[in-house]
file final_19.tsv (TSV, C-alpha atoms)
chain	number	residue	atom	x	y	z
A	589	MET	CA	0.00	0.00	0.00
A	590	LYS	CA	2.90	2.35	0.76
A	591	TYR	CA	4.22	2.00	-2.79
A	592	VAL	CA	0.78	2.70	-4.24
A	593	PHE	CA	0.79	6.02	-2.38
A	594	TYR	CA	4.33	6.64	-3.60
A	595	VAL	CA	3.44	6.17	-7.28
A	596	LEU	CA	0.14	8.03	-6.91
A	597	GLY	CA	1.89	10.98	-5.27
A	598	ILE	CA	4.50	11.19	-8.03
A	599	LEU	CA	1.80	11.06	-10.73
A	600	ILE	CA	-0.20	13.86	-9.05
A	601	LEU	CA	2.93	15.95	-8.46
A	602	THR	CA	4.19	15.71	-12.05
A	603	LEU	CA	0.72	16.44	-13.45
A	604	GLY	CA	0.63	19.58	-11.30
A	605	ILE	CA	4.09	20.66	-12.51
A	606	SER	CA	2.99	20.17	-16.13
A	607	PHE	CA	-0.18	22.21	-15.54
A	608	THR	CA	1.85	25.15	-14.19
A	609	ILE	CA	4.25	24.99	-17.15
A	610	GLN	CA	1.34	24.87	-19.63
A	611	SER	CA	-0.37	27.84	-17.95
A	612	ASP	CA	2.36	30.15	-19.27
A	613	LEU	CA	2.03	32.29	-16.13
A	614	GLY	CA	5.33	31.22	-14.63
A	615	THR	CA	6.26	28.06	-12.78
A	616	SER	CA	7.89	27.30	-9.46
A	617	PRO	CA	11.50	28.57	-9.31
A	618	PHE	CA	12.84	25.01	-9.50
A	619	ASP	CA	10.72	24.11	-12.53
A	620	ALA	CA	11.52	27.49	-14.11
A	621	LEU	CA	15.20	26.57	-13.81
A	622	LEU	CA	14.54	23.21	-15.49
A	623	VAL	CA	12.63	24.82	-18.36
A	624	GLY	CA	15.29	27.54	-18.73
A	625	LEU	CA	18.04	24.93	-18.90
A	626	SER	CA	16.01	22.93	-21.43
A	627	ILE	CA	15.49	25.95	-23.70
A	628	ASN	CA	19.02	27.32	-23.49
A	629	MET	CA	21.11	24.16	-23.25
A	630	GLY	CA	18.99	21.44	-24.85
A	631	LEU	CA	17.59	18.15	-23.45
A	632	THR	CA	14.07	17.80	-22.07
A	633	VAL	CA	12.68	19.26	-18.86
A	634	GLY	CA	12.57	15.75	-17.39
A	635	SER	CA	16.23	15.15	-18.27
A	636	TRP	CA	17.29	18.26	-16.35
A	637	GLU	CA	15.17	17.08	-13.42
A	638	ILE	CA	17.41	14.00	-13.21
A	639	ILE	CA	20.67	15.95	-13.66
A	640	ILE	CA	19.83	18.56	-10.99
A	641	ALA	CA	18.65	15.75	-8.70
A	642	LEU	CA	22.08	14.13	-8.90
A	643	ILE	CA	23.69	17.42	-7.83
A	644	LEU	CA	21.22	17.87	-4.97
A	645	ILE	CA	21.81	14.33	-3.72
A	646	CYS	CA	25.47	15.24	-3.26
A	647	CYS	CA	24.51	18.49	-1.45
A	648	ASN	CA	22.08	16.64	0.83
A	649	SER	CA	24.75	14.08	1.63
A	650	ILE	CA	27.14	16.85	2.71
A	651	LEU	CA	24.51	18.63	4.83
A	652	LYS	CA	23.47	15.42	6.59
A	653	ARG	CA	27.04	14.08	6.73
A	654	GLN	CA	25.91	10.69	5.55
A	655	ARG	CA	26.09	8.48	2.47
A	656	PRO	CA	24.24	9.75	-0.63
A	657	GLU	CA	20.61	8.65	-0.90
A	658	VAL	CA	20.88	6.96	-4.27
A	659	LEU	CA	17.19	5.97	-4.17
A	660	GLY	CA	16.37	9.67	-4.52
A	661	LEU	CA	17.77	9.42	-8.04
A	662	LEU	CA	15.21	6.70	-8.78
A	663	THR	CA	12.39	9.04	-7.74
A	664	ALA	CA	13.91	11.86	-9.81
A	665	PHE	CA	14.14	9.51	-12.80
A	666	ILE	CA	10.47	8.51	-12.47
A	667	THR	CA	9.52	12.16	-11.94
A	668	GLY	CA	11.47	13.28	-15.01
A	669	ILE	CA	9.82	10.67	-17.23
A	670	ASN	CA	6.35	11.59	-15.93
A	671	ILE	CA	6.91	15.33	-16.44
A	672	ASP	CA	7.85	14.74	-20.08
A	673	MET	CA	4.88	12.40	-20.49
A	674	TRP	CA	2.35	14.85	-18.99
A	675	LEU	CA	3.81	17.78	-20.97
A	676	PHE	CA	3.44	15.78	-24.18
A	677	LEU	CA	-0.17	14.83	-23.38
A	678	LEU	CA	-1.23	18.28	-22.15
A	679	HIS	CA	0.40	20.02	-25.12
A	680	ASN	CA	-1.81	17.98	-27.45
A	681	LEU	CA	-4.93	18.25	-25.30
A	682	MET	CA	-4.89	21.84	-24.04
A	683	THR	CA	-3.04	25.09	-24.53
A	684	PRO	CA	-4.81	27.87	-22.56
A	685	GLU	CA	-4.82	31.21	-24.39
A	686	LEU	CA	-7.30	33.38	-22.47
A	687	TRP	CA	-6.07	34.86	-19.19
A	688	TYR	CA	-8.73	33.25	-17.01
A	689	SER	CA	-8.08	29.79	-18.49
A	690	LYS	CA	-4.38	30.29	-17.74
A	691	VAL	CA	-5.22	31.24	-14.14
A	692	VAL	CA	-7.41	28.15	-13.72
A	693	CYS	CA	-4.71	25.96	-15.27
A	694	PHE	CA	-2.06	27.38	-12.95
A	695	GLY	CA	-4.30	27.14	-9.87
A	696	ILE	CA	-5.04	23.47	-10.52
A	697	GLY	CA	-1.33	22.82	-11.01
A	698	LEU	CA	-0.33	24.57	-7.78
A	699	VAL	CA	-2.80	22.57	-5.70
A	700	LEU	CA	-1.83	19.28	-7.38
A	701	VAL	CA	1.87	19.92	-6.70
A	702	GLY	CA	1.18	20.40	-2.98
A	703	LEU	CA	-1.13	17.38	-2.79
A	704	GLY	CA	1.20	15.11	-4.76
A	705	THR	CA	4.27	16.13	-2.74
A	706	ALA	CA	2.51	15.61	0.59
A	707	THR	CA	1.15	12.24	-0.57
A	708	TYR	CA	4.42	10.65	-1.62
A	709	LEU	CA	6.50	12.22	1.19
A	710	HIS	CA	4.48	10.32	3.81
A	711	THR	CA	5.64	7.01	2.33
A	712	ASN	CA	9.16	8.02	3.44
A	713	PHE	CA	10.51	6.20	0.40
A	714	ALA	CA	13.17	7.86	-1.75
A	715	PRO	CA	12.05	11.52	-1.63
A	716	ILE	CA	12.92	13.73	-4.61
A	717	PRO	CA	16.23	15.39	-3.63
A	718	ILE	CA	14.72	18.90	-3.52
A	719	ASP	CA	12.02	17.64	-1.15
A	720	ARG	CA	14.63	15.89	0.96
A	721	LEU	CA	16.53	19.19	1.04
A	722	THR	CA	13.34	20.89	2.28
A	723	LEU	CA	13.10	18.41	5.16
A	724	ILE	CA	16.83	18.72	5.95
A	725	ILE	CA	16.65	22.54	6.14
A	726	GLN	CA	13.51	22.27	8.28
A	727	GLU	CA	15.39	19.97	10.64
A	728	LEU	CA	18.59	22.06	10.73
A	729	THR	CA	16.79	25.39	11.24
A	730	ARG	CA	14.13	23.87	13.54
A	731	THR	CA	11.36	25.67	11.67
A	732	ASN	CA	8.38	24.47	9.63
A	733	ILE	CA	7.89	23.29	6.05
A	734	PHE	CA	6.71	26.75	4.99
A	735	PHE	CA	9.98	28.47	5.94
A	736	SER	CA	12.32	25.83	4.48
A	737	ARG	CA	10.32	25.53	1.24
A	738	THR	CA	10.19	29.30	0.75
A	739	PHE	CA	13.95	29.61	1.38
A	740	ILE	CA	14.72	26.96	-1.26
A	741	TYR	CA	12.33	28.61	-3.71
A	742	LEU	CA	14.14	31.93	-3.35
A	743	VAL	CA	17.52	30.30	-4.06
A	744	PHE	CA	16.22	28.58	-7.20
A	745	LEU	CA	14.43	31.77	-8.25
A	746	ILE	CA	17.79	33.52	-8.56
A	747	MET	CA	19.18	30.58	-10.57
A	748	ALA	CA	16.09	30.51	-12.83
A	749	MET	CA	16.54	34.23	-13.56
A	750	ILE	CA	20.14	33.57	-14.63
A	751	PHE	CA	18.98	30.94	-17.16
A	752	ASN	CA	15.96	32.98	-18.34
A	753	GLY	CA	13.40	30.47	-17.11
A	754	PRO	CA	9.63	31.13	-17.38
A	755	ILE	CA	9.29	33.50	-14.43
A	756	GLY	CA	6.01	35.36	-14.02
A	757	VAL	CA	3.20	36.08	-11.60
A	758	GLY	CA	2.80	32.32	-11.16
A	759	THR	CA	6.36	32.10	-9.86
A	760	LEU	CA	5.62	34.73	-7.21
A	761	LEU	CA	2.45	32.90	-6.22
A	762	THR	CA	4.37	29.64	-5.94
A	763	VAL	CA	6.99	31.23	-3.67
A	764	CYS	CA	4.28	32.77	-1.47
A	765	LEU	CA	1.75	29.91	-1.48
A	766	GLY	CA	3.72	26.75	-2.32
A	767	GLY	CA	4.98	26.24	1.23
A	768	LEU	CA	1.58	27.04	2.74
A	769	ILE	CA	-0.23	24.58	0.47
A	770	LEU	CA	2.29	21.83	1.26
A	771	ASN	CA	2.02	22.66	4.97
A	772	TYR	CA	-1.79	22.39	4.67
A	773	PHE	CA	-1.79	19.03	2.88
A	774	MET	CA	0.86	17.32	5.05
A	775	PRO	CA	-1.41	16.63	8.08
A	776	PHE	CA	-4.37	15.85	5.79
A	777	THR	CA	-2.51	13.21	3.76
A	778	GLU	CA	-0.93	11.83	6.94
A	779	LYS	CA	-4.39	11.14	8.41
A	780	VAL	CA	-5.58	9.47	5.20
A	781	PHE	CA	-2.35	7.48	4.89
A	782	ASP	CA	-2.48	6.27	8.51
A	783	ARG	CA	-6.17	5.42	8.29
A	784	ILE	CA	-5.71	3.31	5.15
A	785	LEU	CA	-2.64	1.55	6.57
A	786	THR	CA	-4.48	0.83	9.82
A	787	HIS	CA	-7.51	-0.50	7.93
A	788	SER	CA	-5.38	-2.74	5.68
A	789	SER	CA	-3.47	-4.14	8.66
A	790	THR	CA	-6.59	-4.90	10.72
A	791	SER	CA	-8.87	-6.26	7.98
A	792	PRO	CA	-7.21	-9.72	7.79
A	793	ASN	CA	-7.67	-10.10	11.56
A	794	TYR	CA	-11.25	-8.96	11.20
A	795	ASP	CA	-11.94	-11.59	8.52
A	796	LYS	CA	-10.25	-14.24	10.64
A	797	ASP	CA	-12.35	-13.37	13.69
A	798	LYS	CA	-15.45	-13.36	11.56
A	799	LYS	CA	-14.74	-16.89	10.32
A	800	HIS	CA	-14.16	-18.10	13.88
A	801	SER	CA	-17.47	-16.59	15.01
A	802	ILE	CA	-19.28	-18.42	12.23
call {"tool": "encode", "arguments": {"input": "final_19.tsv", "output": "structure tokens"}}
result
Amino acid sequence: MKYVFYVLGILILTLGISFTIQSDLGTSPFDALLVGLSINMGLTVGSWEIIIALILICCNSILKRQRPEVLGLLTAFITGINIDMWLFLLHNLMTPELWYSKVVCFGIGLVLVGLGTATYLHTNFAPIPIDRLTLIIQELTRTNIFFSRTFIYLVFLIMAMIFNGPIGVGTLLTVCLGGLILNYFMPFTEKVFDRILTHSSTSPNYDKDKKHSI
């Protein structure tokens, strides 16, 4: 069941990222960096996701003073493939042109990113390196997810500006609201996750007791 949540979370997250990119209102600073690198240096957005993830794994290893979390590269690889897949599908299905359709597209994407991230993080299985970095900074600074996420966004915002990534009003909204949305969904998904795990672990015992009573 844990791995189902893991895959589901990644699918929701990457769909949200693709929605924000398609909105053309600006993406999160990290995704803006990926798009900027893709436009200026070649390769796909998903490919740069994997390359940057490798760099971040090394940074996380130094900050935590432990061996690199190689499994994080697996998550980044799956994420990169899904981003390219969703971008391909959404490009053929929808390209919002009117301002309000762009706003709706971006809003859906922003919520999906928060929900997807919160969903797969609770599995505690191979977090995407940038999300692991968020948790490491939260732990080191003894603050909350909102602070650490916003700090990381600001760092990547500067990098995205250097590579001329798609920065716009959506980027500002992501910096201001991304951490809050993730902070909102974390306890919600934790309750759902724990409830489902508890139910799945007790149902065999329930069936067994039911047979004995018969």
call {"tool": "closest_residue", "arguments": {"input": "final_19.tsv", "among": "A:Gly753, A:Leu675, A:Pro715, A:Arg730", "to": "A:Leu622", "atoms": "only C-alpha atoms"}}
result
A:Gly753
call {"tool": "residues_near_point", "arguments": {"input": "final_19.tsv", "point": "(0.7, 13.2, -0.4)", "cutoff": "9 Å", "atoms": "all atoms listed in the file", "output": "list in words"}}
result
Phe593, Tyr594, Leu596, Gly597, Ile598, Ile600, Leu601, Gly702, Leu703, Gly704, Thr705, Ala706, Thr707, Tyr708, Leu709, His710, Thr711, Leu770, Phe773, Met774, Phe776, Thr777, Glu778 and Phe781 of chain A
call {"tool": "closest_residue", "arguments": {"input": "final_19.tsv", "among": "A:Leu698, A:Ile750, A:Leu721, A:Ile716", "to": "A:Leu613", "atoms": "all atoms listed in the file"}}
result
A:Leu698
call {"tool": "closest_residue", "arguments": {"input": "final_19.tsv", "among": "A:Gly766, A:Gly614, A:Gly604, A:Pro775", "to": "A:Pro754", "atoms": "all atoms listed in the file"}}
result
A:Gly614
call {"tool": "closest_atom_pairs", "arguments": {"input": "final_19.tsv", "of": "stretch 696-767 of chain A", "to": "stretch 646-657 of chain A", "cutoff": "10 Å", "atoms": "all atoms listed in the file", "output": "Markdown table"}}
result
| residue | atom | partner | partner_atom | distance |
| --- | --- | --- | --- | --- |
| A:Ala714 | CA | A:Glu657 | CA | 7.5 |
| A:Pro715 | CA | A:Glu657 | CA | 9.1 |
| A:Ile716 | CA | A:Glu657 | CA | 9.9 |
| A:Pro717 | CA | A:Asn648 | CA | 7.5 |
| A:Ile718 | CA | A:Asn648 | CA | 8.8 |
| A:Arg720 | CA | A:Asn648 | CA | 7.5 |
| A:Leu721 | CA | A:Asn648 | CA | 6.1 |
| A:Thr722 | CA | A:Asn648 | CA | 9.8 |
| A:Ile724 | CA | A:Lys652 | CA | 7.4 |
| A:Ile725 | CA | A:Leu651 | CA | 8.9 |
| A:Leu728 | CA | A:Leu651 | CA | 9.0 |
call {"tool": "closest_residue", "arguments": {"input": "final_19.tsv", "among": "A:Val701, A:Met589, A:Tyr741, A:Ile755", "to": "A:Arg783", "atoms": "all atoms listed in the file"}}
result
A:Met589
call {"tool": "residues_around", "arguments": {"input": "final_19.tsv", "residues": "A:Arg737", "least_positions_apart": "3", "cutoff": "6 Å", "atoms": "only C-alpha atoms", "output": "list of chain:residue names"}}
result
A:Thr722, A:Ile733, A:Phe734, A:Ile740, A:Gly767
call {"tool": "atom_distance", "arguments": {"input": "final_19.tsv", "atom1": "atom CA of A:Ile605", "atom2": "atom CA of A:Thr729"}}
result
27.3 Å
call {"tool": "residues_around", "arguments": {"input": "final_19.tsv", "residues": "stretch 632-639 of chain A", "least_positions_apart": "2", "cutoff": "10 Å", "atoms": "only C-alpha atoms", "output": "ChimeraX atom specification"}}
result
/A:602,618-627,629-630,641-644,660-673,675,716-717
call {"tool": "atom_distance", "arguments": {"input": "final_19.tsv", "atom1": "atom CA of A:Ser616", "atom2": "atom CA of A:Ala748"}}
result
9.4 Å
call {"tool": "atom_distance", "arguments": {"input": "final_19.tsv", "atom1": "atom CA of A:Leu765", "atom2": "atom CA of A:Gln726"}}
result
17.1 Å
call {"tool": "closest_residue", "arguments": {"input": "final_19.tsv", "among": "A:Ser689, A:Thr738, A:Leu631, A:His679", "to": "A:Ser606", "atoms": "all atoms listed in the file"}}
result
A:His679
call {"tool": "closest_residue", "arguments": {"input": "final_19.tsv", "among": "A:Trp674, A:Ile609, A:Lys779, A:Pro617", "to": "A:Leu760", "atoms": "all atoms listed in the file"}}
result
A:Pro617
call {"tool": "decode", "arguments": {"input": "final_19.tsv", "residues": "stretch 747-760 of chain A", "atoms": "all heavy atoms", "output": "PDB file, in the first residue's frame"}}
result
ATOM      1  N   MET A 747      18.567  31.427  -9.537  1.00  0.00           N
ATOM      2  CA  MET A 747      19.177  30.584 -10.569  1.00  0.00           C
ATOM      3  C   MET A 747      18.332  30.558 -11.838  1.00  0.00           C
ATOM      4  O   MET A 747      18.861  30.584 -12.956  1.00  0.00           O
ATOM      5  CB  MET A 747      19.377  29.168 -10.032  1.00  0.00           C
ATOM      6  CG  MET A 747      20.346  29.090  -8.869  1.00  0.00           C
ATOM      7  SD  MET A 747      20.487  27.413  -8.182  1.00  0.00           S
ATOM      8  CE  MET A 747      21.263  26.561  -9.552  1.00  0.00           C
ATOM      9  N   ALA A 748      16.999  30.519 -11.675  1.00  0.00           N
ATOM     10  CA  ALA A 748      16.095  30.512 -12.827  1.00  0.00           C
ATOM     11  C   ALA A 748      16.193  31.817 -13.605  1.00  0.00           C
ATOM     12  O   ALA A 748      16.123  31.831 -14.847  1.00  0.00           O
ATOM     13  CB  ALA A 748      14.656  30.281 -12.368  1.00  0.00           C
ATOM     14  N   MET A 749      16.386  32.931 -12.904  1.00  0.00           N
ATOM     15  CA  MET A 749      16.537  34.233 -13.564  1.00  0.00           C
ATOM     16  C   MET A 749      17.818  34.266 -14.400  1.00  0.00           C
ATOM     17  O   MET A 749      17.845  34.835 -15.487  1.00  0.00           O
ATOM     18  CB  MET A 749      16.553  35.349 -12.520  1.00  0.00           C
ATOM     19  CG  MET A 749      15.216  35.563 -11.826  1.00  0.00           C
ATOM     20  SD  MET A 749      15.297  36.736 -10.449  1.00  0.00           S
ATOM     21  CE  MET A 749      15.629  38.255 -11.321  1.00  0.00           C
ATOM     22  N   ILE A 750      18.864  33.622 -13.900  1.00  0.00           N
ATOM     23  CA  ILE A 750      20.135  33.571 -14.630  1.00  0.00           C
ATOM     24  C   ILE A 750      19.970  32.827 -15.959  1.00  0.00           C
ATOM     25  O   ILE A 750      20.532  33.228 -16.986  1.00  0.00           O
ATOM     26  CB  ILE A 750      21.220  32.896 -13.766  1.00  0.00           C
ATOM     27  CG1 ILE A 750      21.533  33.763 -12.535  1.00  0.00           C
ATOM     28  CG2 ILE A 750      22.502  32.652 -14.576  1.00  0.00           C
ATOM     29  CD1 ILE A 750      22.455  33.100 -11.527  1.00  0.00           C
ATOM     30  N   PHE A 751      19.169  31.756 -15.943  1.00  0.00           N
ATOM     31  CA  PHE A 751      18.983  30.942 -17.156  1.00  0.00           C
ATOM     32  C   PHE A 751      17.714  31.310 -17.932  1.00  0.00           C
ATOM     33  O   PHE A 751      17.287  30.555 -18.806  1.00  0.00           O
ATOM     34  CB  PHE A 751      18.950  29.455 -16.779  1.00  0.00           C
ATOM     35  CG  PHE A 751      20.291  28.890 -16.421  1.00  0.00           C
ATOM     36  CD1 PHE A 751      20.682  28.780 -15.087  1.00  0.00           C
ATOM     37  CD2 PHE A 751      21.180  28.480 -17.409  1.00  0.00           C
ATOM     38  CE1 PHE A 751      21.919  28.261 -14.747  1.00  0.00           C
ATOM     39  CE2 PHE A 751      22.417  27.968 -17.078  1.00  0.00           C
ATOM     40  CZ  PHE A 751      22.792  27.856 -15.748  1.00  0.00           C
ATOM     41  N   ASN A 752      17.132  32.470 -17.608  1.00  0.00           N
ATOM     42  CA  ASN A 752      15.958  32.976 -18.337  1.00  0.00           C
ATOM     43  C   ASN A 752      14.798  31.976 -18.357  1.00  0.00           C
ATOM     44  O   ASN A 752      14.184  31.735 -19.399  1.00  0.00           O
ATOM     45  CB  ASN A 752      16.334  33.352 -19.778  1.00  0.00           C
ATOM     46  CG  ASN A 752      17.340  34.483 -19.833  1.00  0.00           C
ATOM     47  OD1 ASN A 752      17.215  35.478 -19.115  1.00  0.00           O
ATOM     48  ND2 ASN A 752      18.360  34.341 -20.673  1.00  0.00           N
ATOM     49  N   GLY A 753      14.527  31.386 -17.213  1.00  0.00           N
ATOM     50  CA  GLY A 753      13.399  30.468 -17.112  1.00  0.00           C
ATOM     51  C   GLY A 753      12.084  31.217 -17.139  1.00  0.00           C
ATOM     52  O   GLY A 753      12.054  32.451 -17.021  1.00  0.00           O
ATOM     53  N   PRO A 754      10.949  30.492 -17.310  1.00  0.00           N
ATOM     54  CA  PRO A 754       9.628  31.129 -17.383  1.00  0.00           C
ATOM     55  C   PRO A 754       9.170  31.671 -16.034  1.00  0.00           C
ATOM     56  O   PRO A 754       8.408  31.032 -15.303  1.00  0.00           O
ATOM     57  CB  PRO A 754       8.714  29.996 -17.872  1.00  0.00           C
ATOM     58  CG  PRO A 754       9.389  28.760 -17.390  1.00  0.00           C
ATOM     59  CD  PRO A 754      10.857  29.034 -17.449  1.00  0.00           C
ATOM     60  N   ILE A 755       9.647  32.868 -15.699  1.00  0.00           N
ATOM     61  CA  ILE A 755       9.286  33.499 -14.427  1.00  0.00           C
ATOM     62  C   ILE A 755       8.173  34.517 -14.667  1.00  0.00           C
ATOM     63  O   ILE A 755       8.260  35.329 -15.584  1.00  0.00           O
ATOM     64  CB  ILE A 755      10.508  34.199 -13.801  1.00  0.00           C
ATOM     65  CG1 ILE A 755      11.589  33.162 -13.482  1.00  0.00           C
ATOM     66  CG2 ILE A 755      10.127  34.958 -12.535  1.00  0.00           C
ATOM     67  CD1 ILE A 755      12.903  33.770 -13.084  1.00  0.00           C
ATOM     68  N   GLY A 756       7.130  34.442 -13.872  1.00  0.00           N
ATOM     69  CA  GLY A 756       6.011  35.358 -14.017  1.00  0.00           C
ATOM     70  C   GLY A 756       5.262  35.481 -12.712  1.00  0.00           C
ATOM     71  O   GLY A 756       5.780  35.154 -11.638  1.00  0.00           O
ATOM     72  N   VAL A 757       4.008  35.917 -12.805  1.00  0.00           N
ATOM     73  CA  VAL A 757       3.196  36.077 -11.600  1.00  0.00           C
ATOM     74  C   VAL A 757       2.984  34.724 -10.912  1.00  0.00           C
ATOM     75  O   VAL A 757       2.881  34.638  -9.687  1.00  0.00           O
ATOM     76  CB  VAL A 757       1.837  36.739 -11.951  1.00  0.00           C
ATOM     77  CG1 VAL A 757       1.003  35.843 -12.866  1.00  0.00           C
ATOM     78  CG2 VAL A 757       1.057  37.068 -10.683  1.00  0.00           C
ATOM     79  N   GLY A 758       2.958  33.655 -11.712  1.00  0.00           N
ATOM     80  CA  GLY A 758       2.801  32.320 -11.158  1.00  0.00           C
ATOM     81  C   GLY A 758       3.978  31.923 -10.278  1.00  0.00           C
ATOM     82  O   GLY A 758       3.812  31.212  -9.291  1.00  0.00           O
ATOM     83  N   THR A 759       5.168  32.393 -10.650  1.00  0.00           N
ATOM     84  CA  THR A 759       6.363  32.103  -9.860  1.00  0.00           C
ATOM     85  C   THR A 759       6.249  32.750  -8.485  1.00  0.00           C
ATOM     86  O   THR A 759       6.551  32.134  -7.460  1.00  0.00           O
ATOM     87  CB  THR A 759       7.623  32.625 -10.575  1.00  0.00           C
ATOM     88  OG1 THR A 759       7.641  32.134 -11.914  1.00  0.00           O
ATOM     89  CG2 THR A 759       8.886  32.181  -9.859  1.00  0.00           C
ATOM     90  N   LEU A 760       5.802  34.003  -8.474  1.00  0.00           N
ATOM     91  CA  LEU A 760       5.619  34.725  -7.213  1.00  0.00           C
ATOM     92  C   LEU A 760       4.579  34.033  -6.334  1.00  0.00           C
ATOM     93  O   LEU A 760       4.767  33.881  -5.126  1.00  0.00           O
ATOM     94  CB  LEU A 760       5.203  36.170  -7.493  1.00  0.00           C
ATOM     95  CG  LEU A 760       4.964  37.075  -6.281  1.00  0.00           C
ATOM     96  CD1 LEU A 760       6.253  37.228  -5.474  1.00  0.00           C
ATOM     97  CD2 LEU A 760       4.446  38.443  -6.715  1.00  0.00           C
TER      98      LEU A 760
END
